[in-house]
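Undergrad: Before anything else, here's the structure in question.
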Amino acid sequence: MAKGKVDALLGIVFGDEGKGKVVDCFTPKYDIVARFAGGPNAGHTIIFEGKKFVLRSIPSGIFDEGKINIIGNGCVIAPDLFMAEAKELEAAGYNLKSRLHISKRAHLILPTHRVLDRAYEAAKGKNKVGTTGKGIGPTYSEKAARTSLRVGDILENFAEKYAALKNRHEQILKDLHYTDYDITEEERLWLEGVEYMKSFPLSDTEIELHKALKAGKSVLAEGAQGTMLDIDHGTYPFVSSSSTCSGGVCTGLGVAPNAIGEIFGIFKAYSTRVGSGPFPVELFDETGDKIREIGNEYGAVTGRNRRCGWVDLVALKYAIALNGVTQLIMMKSDVLDTFDTIKACVAYRKNGVVTEDMPYDTEGWEAVYDELPGWKTDLTGLTSSDQFPKAFQNYIDYLEKALETPITIVSVGPDRAQTISRA
Ligand code: GDP
Ligand code: IMO
Ligand code: MG
């Protein structure tokens with residue numbers, strides 16, 4: 001953490017790496033925590049003192065009462081879901097109103113965006129993306145088409161603007177012959193959410209950040225999703241719709257590249273993916289099932305099974321280069337405690353071609369593995385790196401060497417306390 005800088009914590013694979021947990025752990029060191037991309041498609045889990053929260057749009061720095069949290073301009077926000085999430089935190093005793101700032105430039109997800117999400121998925125037949133159904137794609141599409149509504153729009157003539165956009169959506173849905181939906185109740189809550197949002201500071205968060213950085217404050221940018229779900233660099237078209245990489249921090253918060261400090265890349269000791277799309281390391285056998293069971297790999301937003309496999313060095317090297325990762329954070333190491341051997345994918349192979357570079361078309365590649373001994377030791381109670389069993393230390397050394405980047409934090413359980421620094 002450096003004064004006057006923005007550090008970024010980014011998921012560098014397919015999301016669900018444990019960003020929420022680590023942002024919560026890091027928050028005491030920072031003045032401001034800011035989300036720069038995505039919306040309620042995210043599900044960030046935080047566990048401490050016997051309590052568990054799953055955050056969607058609200059940054060994971062919210063549990064530290066002294067800190068400002070920002071929902072940046074690169075985010076999309078659904079007022080009804082935001083209201084439900086914020087009220088749950090308020091009911092748990094957290095005071096949000098003065099310290100959760102929302103960018104006026106963030107875009108609004110309408111109820112009809114969610115219907116459009118379902119309609120577009122239905123029309124895709126077997127090529128479905130497997131979206132979270134939160135209206136992410138339709139909202140970002142309209143942002144790019146310059147027809148969307150922003151948070152700042154709720155402050156003036158909103159009823160008119162809303163009706164016009166909703167009509168437009170209804171017309172598109174009619175053209176798609178997708179008319180079997182009823183948003184009456186959803187819309188009531190959504191409009192209530194719009195009013196509720198007005199009780200928060202709706203601000204020019206970009207300017208707030210400029211002033212804070214100039215005054216020497218430190219900012220932590222919290223990623224959502226992961227590098228392989230990035231709209232430009234992920235496994236397109238099986239991706240989300242925002243810039244999840246480090247470049248997205250600049251556009252999604254309005255901060256300059258030279259304001260960026262450390263870039264923490266977070267990954268699991270193995271791999272998961274939720275939704276459709278290529279996943280060369282996917283295991284269809286009992287090893288995959290065992291990782292899912294022990295790792296509790298079910299989606300935090302949709303409850304879907306997460307697809308599981310061994311760690312993927314091809315994807316990690318690609319993500320480290322794309323993001324400029326300066327430090328790695330390895331999560332869920334404890335999930336591999338009982339395995340006799342651990343594998344790591346070092347290359348992809350297709351039709352006799354072997355590559356260590358992420359291919360344009362990731363479909364149809366199979367993984368080439370290295371094999372390492374398992375540690376067969378319960379890591380969950382460990383508190384410092386000098387207690388690591390030798391085989392686990394070997395796994396860390398192997399990854400650091402292959403990835404040419406230090407692993408400075410290792411997580412050995414879901415609780416805030418189960419986090420070990422190696423720095
Ligand atoms: P995020 O979207 O990146 O914030 O991650 P999610 O919250 O969707 O998924 C991570 C899951 O792993 C959550 O259920 C966490 O409680 C859990 N978790 C985080 N770190 C660890 C760890 O080191 N070990 C175990 N067993 N679970 C962890
Ligand atoms: P966090 O922040 C894992 C996946 C969806 C789908 C694709 C597109 O918790 O890591 P979308 O609804 O964004 O249009 O879906 O992206 N996806 C995620 N997978 N973690 C996430 O967020 C995700 N957000 C979206 O499953 O395959
Ligand atoms: Mg998640």
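Naming works like this for the structure tokens: A, B, ... for the chains as they're shown, residue 1 at the start of each chain, ligands 1 onward in shown order.
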Neighbouring residues of ligand 1 are defined here as those with any atom at most 8 Å from a ligand atom, counting only C-alpha atoms and all ligand atoms; list them as a PyMOL selection string.
TA: chain A and resi 11+15-21+42-47+54+224-225+294-297+299-301+330-335+380+410-415+418-419
Undergrad: As a list of chain:residue names, please: all residues of segment 4-79 of chain A that backbone DSSP puts in helix (DSSP H, G or I).
TA: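 Answer for segment 4-79 of chain A, restricted to helix (DSSP H, G or I): A:Lys19, A:Gly20, A:Lys21, A:Val22, A:Val23, A:Asp24, A:Cys25, A:Phe26, A:Thr27, A:Pro28, A:Lys29, A:Pro79.
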Undergrad: For ligand 3, which residue among A:Pro237, A:Gly66, A:Pro138, A:Gly226 is the nearest when counting only C-alpha atoms and all ligand atoms?
TA: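 Closest residue, counting only C-alpha atoms and all ligand atoms: A:Gly226.
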Undergrad: Pull the strand (DSSP E or B) assignments for segment 192-358 of chain A out of DSSP run on the backbone, and list those residues as a ChimeraX atom specification.
TA: /A:202-203,219-222,260-268,270-273,282,298,305,307-312,327-331,341-350,353-355
Undergrad: Mind giving me the straight-line distance from atom CA of Ala159 of chain A to atom CA of Pro111 of chain A in Å, one decimal?
TA: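 Result for atom CA of Ala159 of chain A versus atom CA of Pro111 of chain A: 14.4 Å, one decimal.
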Undergrad: Point out the residue among A:Tyr298, A:Tyr270, A:Phe284, A:Tyr120 with the least atom-to-atom distance to ligand 3, counting only C-alpha atoms and all ligand atoms.
TA: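 For ligand 3, the nearest of the given residues is A:Tyr298.
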Undergrad: Looking at A:Val22, A:Ala215, A:Val274, A:Cys250, which one is nearest to ligand 2, with distances taken over only C-alpha atoms and all ligand atoms?
TA: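 Nearest to ligand 2: A:Val274.
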Undergrad: Could you give me, as an NGL selection string, the residues within 12 Å of Glu404 of chain A, counting only C-alpha atoms and dropping anything in the same chain fewer than 2 positions from it?
TA: :A and (313 or 316-317 or 320-321 or 324-328 or 396-402 or 406-407)
Undergrad: Which residues are close to Lys166 of chain A, i.e. within 12 Å by only C-alpha atoms, leaving aside same-chain residues fewer than 2 positions away? Reply as a count of residues only.
TA: 26
Undergrad: Nearest to Gly152 of chain A: which of A:Gly216, A:Pro373, A:Pro201, A:Gly4 is it, counting only C-alpha atoms?
TA: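 Of A:Gly216, A:Pro373, A:Pro201, A:Gly4, the one nearest Gly152 of chain A, counting only C-alpha atoms, is A:Pro201.
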Undergrad: Find the residue from A:Lys343, A:Lys97, A:Lys174, A:Lys350 that sits nearest to Ala269 of chain A; use only C-alpha atoms when measuring.
TA: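 Of A:Lys343, A:Lys97, A:Lys174, A:Lys350, the one nearest Ala269 of chain A is A:Lys343, counting only C-alpha atoms.
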Undergrad: What's around Glu282 of chain A at 9 Å? Count only C-alpha atoms, leave out sequence neighbours fewer than 4 positions away in its own chain, and write the answer as a short mmCIF file (atom, residue, chain, number, x, y, z; two decimals) with all heavy atoms, in the first residue's frame.
TA:
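Wrote part.cif, looks like this:
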```cif
data_model
loop_
_atom_site.label_atom_id
_atom_site.label_comp_id
_atom_site.auth_asym_id
_atom_site.auth_seq_id
_atom_site.Cartn_x
_atom_site.Cartn_y
_atom_site.Cartn_z
N SER A 271 -8.61 -24.86 -10.22
CA SER A 271 -9.39 -23.99 -11.11
C SER A 271 -10.89 -24.28 -11.00
O SER A 271 -11.29 -25.43 -10.77
CB SER A 271 -9.01 -24.22 -12.57
OG SER A 271 -7.65 -23.96 -12.78
N THR A 272 -11.69 -23.24 -11.21
CA THR A 272 -13.14 -23.45 -11.35
C THR A 272 -13.66 -22.52 -12.44
O THR A 272 -13.05 -21.50 -12.76
CB THR A 272 -13.92 -23.12 -10.06
OG1 THR A 272 -13.73 -21.75 -9.72
CG2 THR A 272 -13.53 -24.01 -8.91
N ARG A 273 -14.81 -22.90 -12.97
CA ARG A 273 -15.52 -22.02 -13.91
C ARG A 273 -17.01 -22.28 -13.73
O ARG A 273 -17.43 -23.43 -13.63
CB ARG A 273 -15.08 -22.35 -15.35
CG ARG A 273 -15.92 -21.65 -16.38
CD ARG A 273 -15.36 -21.62 -17.79
NE ARG A 273 -15.98 -20.44 -18.39
CZ ARG A 273 -15.69 -19.94 -19.57
NH1 ARG A 273 -14.79 -20.50 -20.32
NH2 ARG A 273 -16.31 -18.86 -20.02
N PRO A 278 -15.16 -22.74 -23.01
CA PRO A 278 -14.02 -23.64 -22.95
C PRO A 278 -13.32 -23.61 -21.60
O PRO A 278 -13.20 -22.56 -20.98
CB PRO A 278 -13.09 -23.13 -24.06
CG PRO A 278 -13.61 -21.82 -24.47
CD PRO A 278 -15.02 -21.71 -24.05
N GLY A 288 -12.65 -34.30 -9.94
CA GLY A 288 -13.39 -33.04 -10.10
C GLY A 288 -14.51 -32.93 -9.08
O GLY A 288 -14.71 -31.87 -8.46
N ARG A 307 -17.68 -25.80 -12.34
CA ARG A 307 -16.86 -26.82 -13.00
C ARG A 307 -15.46 -26.74 -12.37
O ARG A 307 -14.97 -25.64 -12.11
CB ARG A 307 -16.81 -26.53 -14.50
CG ARG A 307 -18.22 -26.52 -15.11
CD ARG A 307 -18.32 -25.64 -16.35
NE ARG A 307 -17.59 -26.17 -17.47
CZ ARG A 307 -17.33 -25.47 -18.58
NH1 ARG A 307 -17.75 -24.20 -18.68
NH2 ARG A 307 -16.68 -26.01 -19.57
N CYS A 308 -14.82 -27.90 -12.12
CA CYS A 308 -13.56 -27.89 -11.37
C CYS A 308 -12.44 -28.58 -12.12
O CYS A 308 -12.67 -29.50 -12.91
CB CYS A 308 -13.76 -28.60 -10.03
SG CYS A 308 -14.94 -27.78 -8.97
N GLY A 309 -11.20 -28.17 -11.85
CA GLY A 309 -10.02 -28.81 -12.45
C GLY A 309 -8.76 -28.36 -11.72
O GLY A 309 -8.82 -27.60 -10.75
N TRP A 310 -7.61 -28.82 -12.21
CA TRP A 310 -6.33 -28.45 -11.61
C TRP A 310 -5.95 -27.03 -12.01
O TRP A 310 -6.52 -26.47 -12.96
CB TRP A 310 -5.23 -29.43 -12.02
CG TRP A 310 -5.47 -30.83 -11.57
CD1 TRP A 310 -5.76 -31.91 -12.35
CD2 TRP A 310 -5.47 -31.31 -10.21
NE1 TRP A 310 -5.93 -33.03 -11.58
CE2 TRP A 310 -5.76 -32.69 -10.25
CE3 TRP A 310 -5.27 -30.72 -8.96
CZ2 TRP A 310 -5.84 -33.48 -9.11
CZ3 TRP A 310 -5.35 -31.50 -7.82
CH2 TRP A 310 -5.63 -32.87 -7.90
N ALA A 367 -5.48 -30.44 -21.70
CA ALA A 367 -4.41 -29.95 -20.82
C ALA A 367 -3.24 -30.94 -20.77
O ALA A 367 -3.44 -32.15 -20.78
CB ALA A 367 -4.97 -29.76 -19.42
#
```
Undergrad: Which one is closest to Ala106 of chain A: A:Lys124, A:Lys143, A:Lys217, A:Lys376? Count only C-alpha atoms.
TA: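 Nearest candidate to Ala106 of chain A out of A:Lys124, A:Lys143, A:Lys217, A:Lys376: A:Lys143.
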Undergrad: Using atom CA of Val129 of chain A and atom CA of Asn41 of chain A as the two end points, give the distance in Å to one decimal.
TA: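 Rounded to one decimal, the two atoms are 13.2 Å apart.
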Undergrad: Residues within 12 Å of Tyr236 of chain A, please, as a ChimeraX atom specification. Count only C-alpha atoms; anything in the same chain fewer than 3 positions from it doesn't count.
TA: /A:127,129,227-233,239-242,276-278,359-363
Undergrad: The selected residues should be written to file as a CSV table (one decimal), in the first residue's frame (atoms: N, CA, C and O atoms).
TA:
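Dumped everything to part22.csv:
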```
chain,number,residue,atom,x,y,z
A,127,ASN,N,-25.7,-22.6,-27.7
A,127,ASN,CA,-24.5,-21.7,-27.4
A,127,ASN,C,-24.7,-20.7,-26.3
A,127,ASN,O,-24.1,-19.6,-26.3
A,129,VAL,N,-24.4,-18.5,-23.0
A,129,VAL,CA,-23.3,-18.1,-22.2
A,129,VAL,C,-23.4,-18.7,-20.8
A,129,VAL,O,-22.4,-19.0,-20.2
A,227,THR,N,-10.1,-12.4,-15.1
A,227,THR,CA,-9.5,-12.0,-16.4
A,227,THR,C,-10.0,-12.9,-17.5
A,227,THR,O,-10.3,-12.3,-18.6
A,228,MET,N,-10.3,-14.1,-17.3
A,228,MET,CA,-10.8,-15.0,-18.4
A,228,MET,C,-12.2,-14.7,-18.8
A,228,MET,O,-12.8,-15.3,-19.7
A,229,LEU,N,-12.9,-13.8,-18.0
A,229,LEU,CA,-14.3,-13.4,-18.3
A,229,LEU,C,-14.3,-12.0,-18.8
A,229,LEU,O,-15.3,-11.4,-19.0
A,230,ASP,N,-13.1,-11.4,-19.1
A,230,ASP,CA,-13.0,-10.0,-19.6
A,230,ASP,C,-13.6,-9.9,-21.0
A,230,ASP,O,-13.3,-10.8,-21.8
A,231,ILE,N,-14.3,-8.9,-21.3
A,231,ILE,CA,-14.9,-8.7,-22.6
A,231,ILE,C,-13.9,-8.7,-23.8
A,231,ILE,O,-14.2,-9.3,-24.8
A,232,ASP,N,-12.7,-8.2,-23.5
A,232,ASP,CA,-11.7,-8.2,-24.6
A,232,ASP,C,-10.8,-9.4,-24.6
A,232,ASP,O,-10.4,-10.0,-25.6
A,233,HIS,N,-10.4,-9.8,-23.4
A,233,HIS,CA,-9.3,-10.8,-23.2
A,233,HIS,C,-9.7,-12.2,-22.8
A,233,HIS,O,-8.9,-13.1,-22.7
A,239,VAL,N,-18.0,-14.9,-22.0
A,239,VAL,CA,-17.4,-13.9,-21.1
A,239,VAL,C,-18.5,-13.1,-20.4
A,239,VAL,O,-19.6,-13.2,-20.8
A,240,SER,N,-18.1,-12.2,-19.5
A,240,SER,CA,-19.0,-11.2,-19.1
A,240,SER,C,-18.9,-10.0,-20.0
A,240,SER,O,-18.3,-10.1,-21.0
A,241,SER,N,-19.4,-8.8,-19.6
A,241,SER,CA,-19.5,-7.7,-20.6
A,241,SER,C,-18.7,-6.5,-20.1
A,241,SER,O,-18.8,-5.4,-20.7
A,242,SER,N,-17.8,-6.6,-19.1
A,242,SER,CA,-17.0,-5.5,-18.7
A,242,SER,C,-15.5,-5.8,-18.8
A,242,SER,O,-15.1,-6.9,-19.0
A,276,SER,N,-21.1,-21.5,-19.2
A,276,SER,CA,-20.5,-22.3,-20.4
A,276,SER,C,-19.2,-21.7,-20.8
A,276,SER,O,-18.7,-20.7,-20.3
A,277,GLY,N,-18.6,-22.4,-21.8
A,277,GLY,CA,-17.4,-22.0,-22.4
A,277,GLY,C,-16.2,-22.9,-22.2
A,277,GLY,O,-16.3,-23.8,-21.3
A,278,PRO,N,-15.2,-22.7,-23.0
A,278,PRO,CA,-14.0,-23.6,-22.9
A,278,PRO,C,-13.3,-23.6,-21.6
A,278,PRO,O,-13.2,-22.6,-21.0
A,359,PRO,N,-4.4,-19.6,-26.6
A,359,PRO,CA,-4.8,-19.6,-28.0
A,359,PRO,C,-6.0,-18.7,-28.2
A,359,PRO,O,-6.8,-18.5,-27.3
A,360,TYR,N,-6.2,-18.2,-29.4
A,360,TYR,CA,-7.3,-17.4,-29.8
A,360,TYR,C,-8.6,-18.2,-29.5
A,360,TYR,O,-9.6,-17.6,-28.9
A,361,ASP,N,-8.6,-19.4,-30.0
A,361,ASP,CA,-9.8,-20.2,-29.8
A,361,ASP,C,-9.5,-21.3,-28.8
A,361,ASP,O,-8.8,-22.3,-29.1
A,362,THR,N,-10.0,-21.1,-27.6
A,362,THR,CA,-9.7,-22.1,-26.5
A,362,THR,C,-10.5,-23.4,-26.5
A,362,THR,O,-10.3,-24.2,-25.7
A,363,GLU,N,-11.4,-23.5,-27.5
A,363,GLU,CA,-12.2,-24.7,-27.6
A,363,GLU,C,-11.4,-25.9,-28.1
A,363,GLU,O,-10.6,-25.7,-29.0
```
Undergrad: By how many Å are atom CA of Pro40 of chain A and atom CA of Asp80 of chain A apart?
TA: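 If I compute the distance from atom CA of Pro40 of chain A to atom CA of Asp80 of chain A, I get 10.6 Å.
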